[in-house]
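Trainee: This is the structure, below, for whatever I ask next.
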Amino acid sequence: MNSLERGSALVAAPGLQDPNFRRTVVLIIDHTASGTLGVVLNRPSEVPVRDVLPLWGPHATLPRALYVGGPVQRRAALCVAALPAGVDAERTEGMIKVRGSLALIDLEADPELMAPQLRGLRVFAGYAGWGEGQLAGEISRGDWVVVPALADDVLAPLNTDLWSRILRRQGMPLALLATYPSDPTQN
(Lines give C-alpha, C1' and ligand atoms only; values in the text may rest on other atoms or scores of the structure.)
Protein backbone atom coordinates (compact mmCIF):
# COMPACT_ATOMS: atom_id res chain seq x y z
CA MET A 1 0.00 0.00 0.00
CA ASN A 2 1.55 3.27 -1.02
CA SER A 3 -1.63 5.28 -1.17
CA LEU A 4 -2.70 7.10 1.94
CA GLU A 5 -6.26 6.46 3.10
CA ARG A 6 -8.30 6.05 6.25
CA GLY A 7 -7.02 3.03 8.15
CA SER A 8 -3.48 3.31 6.79
CA ALA A 9 -0.55 3.21 9.17
CA LEU A 10 2.25 5.73 8.92
CA VAL A 11 5.46 4.16 10.18
CA ALA A 12 8.17 6.69 10.98
CA ALA A 13 11.28 6.14 8.87
CA PRO A 14 14.40 5.43 10.95
CA GLY A 15 15.83 8.83 10.06
CA LEU A 16 12.80 10.79 11.34
CA GLN A 17 14.16 12.46 14.47
CA ASP A 18 11.24 14.75 15.39
CA PRO A 19 10.68 13.83 19.07
CA ASN A 20 6.90 13.84 18.53
CA PHE A 21 7.16 11.09 15.94
CA ARG A 22 10.48 9.23 16.34
CA ARG A 23 9.80 5.48 15.87
CA THR A 24 6.05 5.98 16.00
CA VAL A 25 3.17 4.32 14.23
CA VAL A 26 0.27 6.64 13.36
CA LEU A 27 -3.17 5.29 12.47
CA ILE A 28 -4.83 7.53 9.88
CA ILE A 29 -8.37 8.25 11.04
CA ASP A 30 -9.33 10.78 8.37
CA HIS A 31 -7.70 11.84 5.11
CA THR A 32 -9.18 14.44 2.76
CA ALA A 33 -7.87 17.00 0.28
CA SER A 34 -7.79 19.58 3.08
CA GLY A 35 -5.72 17.55 5.53
CA THR A 36 -5.06 14.40 7.51
CA LEU A 37 -5.74 13.35 11.09
CA GLY A 38 -4.33 10.37 12.94
CA VAL A 39 -3.32 9.03 16.35
CA VAL A 40 0.03 7.67 17.51
CA LEU A 41 -0.55 4.03 18.46
CA ASN A 42 2.62 3.34 20.41
CA ARG A 43 2.90 6.06 23.06
CA PRO A 44 1.14 4.95 26.26
CA SER A 45 1.12 7.47 29.10
CA GLU A 46 1.17 6.81 32.83
CA VAL A 47 -2.37 8.19 33.17
CA PRO A 48 -5.14 5.60 33.57
CA VAL A 49 -8.17 6.15 31.33
CA ARG A 50 -10.36 5.98 34.47
CA ASP A 51 -8.70 9.18 35.79
CA VAL A 52 -9.89 11.14 32.76
CA LEU A 53 -12.98 9.22 31.63
CA PRO A 54 -14.11 7.17 34.66
CA LEU A 55 -16.97 5.39 32.88
CA TRP A 56 -14.75 4.28 29.98
CA GLY A 57 -11.77 3.20 32.12
CA PRO A 58 -12.94 -0.37 32.82
CA HIS A 59 -13.62 -0.95 29.11
CA ALA A 60 -10.22 0.15 27.79
CA THR A 61 -7.87 -2.56 26.57
CA LEU A 62 -5.00 -3.33 28.93
CA PRO A 63 -2.96 -1.50 30.16
CA ARG A 64 -6.05 0.79 30.35
CA ALA A 65 -3.75 3.78 29.96
CA LEU A 66 -4.44 6.96 28.08
CA TYR A 67 -2.24 7.00 24.96
CA VAL A 68 -0.56 10.15 23.66
CA GLY A 69 -2.25 10.45 20.27
CA GLY A 70 -0.08 13.29 19.07
CA PRO A 71 1.08 16.82 19.72
CA VAL A 72 -2.18 18.57 18.74
CA GLN A 73 -4.91 19.35 21.31
CA ARG A 74 -3.68 17.04 24.06
CA ARG A 75 -6.78 17.88 26.10
CA ALA A 76 -9.03 16.34 23.43
CA ALA A 77 -9.80 12.62 23.70
CA LEU A 78 -10.36 10.27 20.77
CA CYS A 79 -11.39 6.65 21.10
CA VAL A 80 -10.51 4.02 18.50
CA ALA A 81 -11.95 0.53 18.76
CA ALA A 82 -11.59 -2.81 17.05
CA LEU A 83 -14.97 -4.35 16.31
CA PRO A 84 -15.81 -8.04 16.40
CA ALA A 85 -17.20 -9.82 13.35
CA GLY A 86 -20.83 -8.90 12.77
CA VAL A 87 -20.68 -5.33 14.11
CA ASP A 88 -20.94 -2.73 11.35
CA ALA A 89 -19.77 0.74 12.40
CA GLU A 90 -21.71 2.34 9.54
CA ARG A 91 -24.95 0.97 10.98
CA THR A 92 -24.23 1.44 14.68
CA GLU A 93 -25.05 4.64 16.53
CA GLY A 94 -22.04 6.15 18.26
CA MET A 95 -19.50 4.77 15.77
CA ILE A 96 -17.75 6.17 12.72
CA LYS A 97 -16.08 3.62 10.50
CA VAL A 98 -12.36 4.15 9.90
CA ARG A 99 -11.69 1.04 7.79
CA GLY A 100 -12.32 -2.67 8.12
CA SER A 101 -13.08 -3.46 11.75
CA LEU A 102 -11.69 -0.16 13.07
CA ALA A 103 -14.01 2.61 14.22
CA LEU A 104 -14.01 5.89 16.11
CA ILE A 105 -16.25 5.71 19.16
CA ASP A 106 -18.32 8.60 20.46
CA LEU A 107 -17.13 9.09 24.04
CA GLU A 108 -20.46 10.82 24.82
CA ALA A 109 -22.21 7.47 24.23
CA ASP A 110 -23.04 5.16 27.13
CA PRO A 111 -20.02 2.87 27.60
CA GLU A 112 -22.21 0.12 29.08
CA LEU A 113 -24.18 -0.01 25.81
CA MET A 114 -21.12 0.37 23.55
CA ALA A 115 -18.66 -2.02 25.23
CA PRO A 116 -20.46 -5.27 24.30
CA GLN A 117 -20.14 -4.25 20.64
CA LEU A 118 -16.35 -3.77 20.85
CA ARG A 119 -13.46 -6.22 20.74
CA GLY A 120 -11.20 -3.67 22.39
CA LEU A 121 -10.57 0.06 22.57
CA ARG A 122 -7.89 2.66 23.19
CA VAL A 123 -8.36 6.26 24.28
CA PHE A 124 -5.94 8.84 22.91
CA ALA A 125 -5.14 12.28 24.30
CA GLY A 126 -4.52 14.56 21.36
CA TYR A 127 -3.86 13.70 17.76
CA ALA A 128 -1.46 14.20 14.88
CA GLY A 129 -2.62 16.53 12.15
CA TRP A 130 -1.32 17.70 8.79
CA GLY A 131 -2.63 20.49 6.58
CA GLU A 132 -3.26 20.27 2.86
CA GLY A 133 -0.25 18.74 1.09
CA GLN A 134 1.92 18.70 4.22
CA LEU A 135 1.87 14.93 4.80
CA ALA A 136 2.35 14.19 1.09
CA GLY A 137 5.55 16.26 1.26
CA GLU A 138 6.77 14.36 4.32
CA ILE A 139 6.05 11.01 2.66
CA SER A 140 7.83 11.99 -0.58
CA ARG A 141 10.80 13.19 1.51
CA GLY A 142 11.00 9.70 3.02
CA ASP A 143 9.90 10.56 6.57
CA TRP A 144 7.08 8.00 6.59
CA VAL A 145 6.35 4.55 5.21
CA VAL A 146 2.65 4.00 4.40
CA VAL A 147 1.40 0.47 5.10
CA PRO A 148 -1.93 -1.20 5.90
CA ALA A 149 -2.91 -1.10 9.58
CA LEU A 150 -4.48 -4.05 11.36
CA ALA A 151 -7.04 -3.87 14.15
CA ASP A 152 -4.55 -5.66 16.41
CA ASP A 153 -2.08 -2.80 15.92
CA VAL A 154 -4.49 -0.56 17.83
CA LEU A 155 -4.76 -3.12 20.64
CA ALA A 156 -1.08 -4.14 20.80
CA PRO A 157 0.03 -5.20 24.30
CA LEU A 158 2.07 -2.73 26.36
CA ASN A 159 5.59 -4.06 25.77
CA THR A 160 5.18 -4.68 22.04
CA ASP A 161 7.68 -2.98 19.75
CA LEU A 162 4.88 -2.06 17.36
CA TRP A 163 7.20 -0.06 15.08
CA SER A 164 9.42 -3.09 14.41
CA ARG A 165 6.52 -5.56 14.29
CA ILE A 166 4.72 -3.63 11.55
CA LEU A 167 7.87 -3.17 9.49
CA ARG A 168 8.78 -6.88 9.78
CA ARG A 169 5.44 -8.00 8.38
CA GLN A 170 5.92 -5.88 5.22
CA GLY A 171 8.42 -8.27 3.67
CA MET A 172 11.66 -7.27 1.99
CA PRO A 173 13.11 -4.67 1.68
CA LEU A 174 10.95 -2.79 4.25
CA ALA A 175 11.39 -5.55 6.83
CA LEU A 176 15.08 -4.65 7.03
CA LEU A 177 14.16 -1.27 8.53
CA ALA A 178 12.91 -3.13 11.63
CA THR A 179 16.52 -3.96 12.48
CA TYR A 180 17.63 -0.33 12.40
CA PRO A 181 19.14 0.49 15.80
CA SER A 182 17.44 3.05 18.07
CA ASP A 183 20.74 4.86 18.33
CA PRO A 184 22.95 4.24 15.26
CA THR A 185 25.98 5.58 17.13
CA GLN A 186 25.72 2.58 19.47
CA ASN A 187 25.74 0.09 16.58
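Letters A, B, ... mark the chains of the C-alpha coordinates in the order given; residue numbers begin at 1 per chain; ligand numbers begin at 1, in order shown.
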Taking the DSSP secondary structure from the backbone, can you list the residues of stretch 44-106 of chain A that are strand (DSSP E), as an MDAnalysis selection string?

Mentor: chainID A and resid 44:48 65:68 72:82 95:99 102:105

Trainee: Can you pull out every residue within 9 Å of A:Asp88, counting only C-alpha atoms, but drop anything in the same chain fewer than 5 positions away, and send it as a PyMOL selection string?

Mentor: chain A and resi 83+95+97+101

Trainee: So that I can see what lies close to stretch 167-170 of chain A, please list as a VMD selection string the residues with an atom at most 12 Å from it, counting only C-alpha atoms and leaving out residues fewer than 2 positions away in the same chain.

Mentor: chain A and resid 1 to 2 9 to 14 23 to 25 144 to 150 153 161 to 165 172 to 180

Trainee: Env of stretch 51-63 of chain A: 6 Å cut, atoms = only C-alpha atoms, seq-sep filter 3 positions within chain, self excluded. Answer as JSON, numbers by chain.

Mentor: {"A": [48, 111, 120, 121, 122]}

Trainee: I need the residue nearest A:Ile29 from this list: A:Ala156, A:Ala136, A:Met114, A:Ile96. Use only C-alpha atoms for the distance.

Mentor: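 Smallest separation from A:Ile29 among the options: A:Ile96.
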
Trainee: Ranking A:Val26, A:Leu118, A:Ala128, A:Ala151 by minimum distance to A:Gly86 and counting only C-alpha atoms, which one comes first?

Mentor: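 For A:Gly86, the nearest of the given residues is A:Leu118.
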
Trainee: Counting only C-alpha atoms, figure out which residue out of A:Leu37, A:Ala115, A:Leu104, A:Ala109 gets nearest to A:Val80.

Mentor: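 Closest to A:Val80 of all the choices is A:Leu104.
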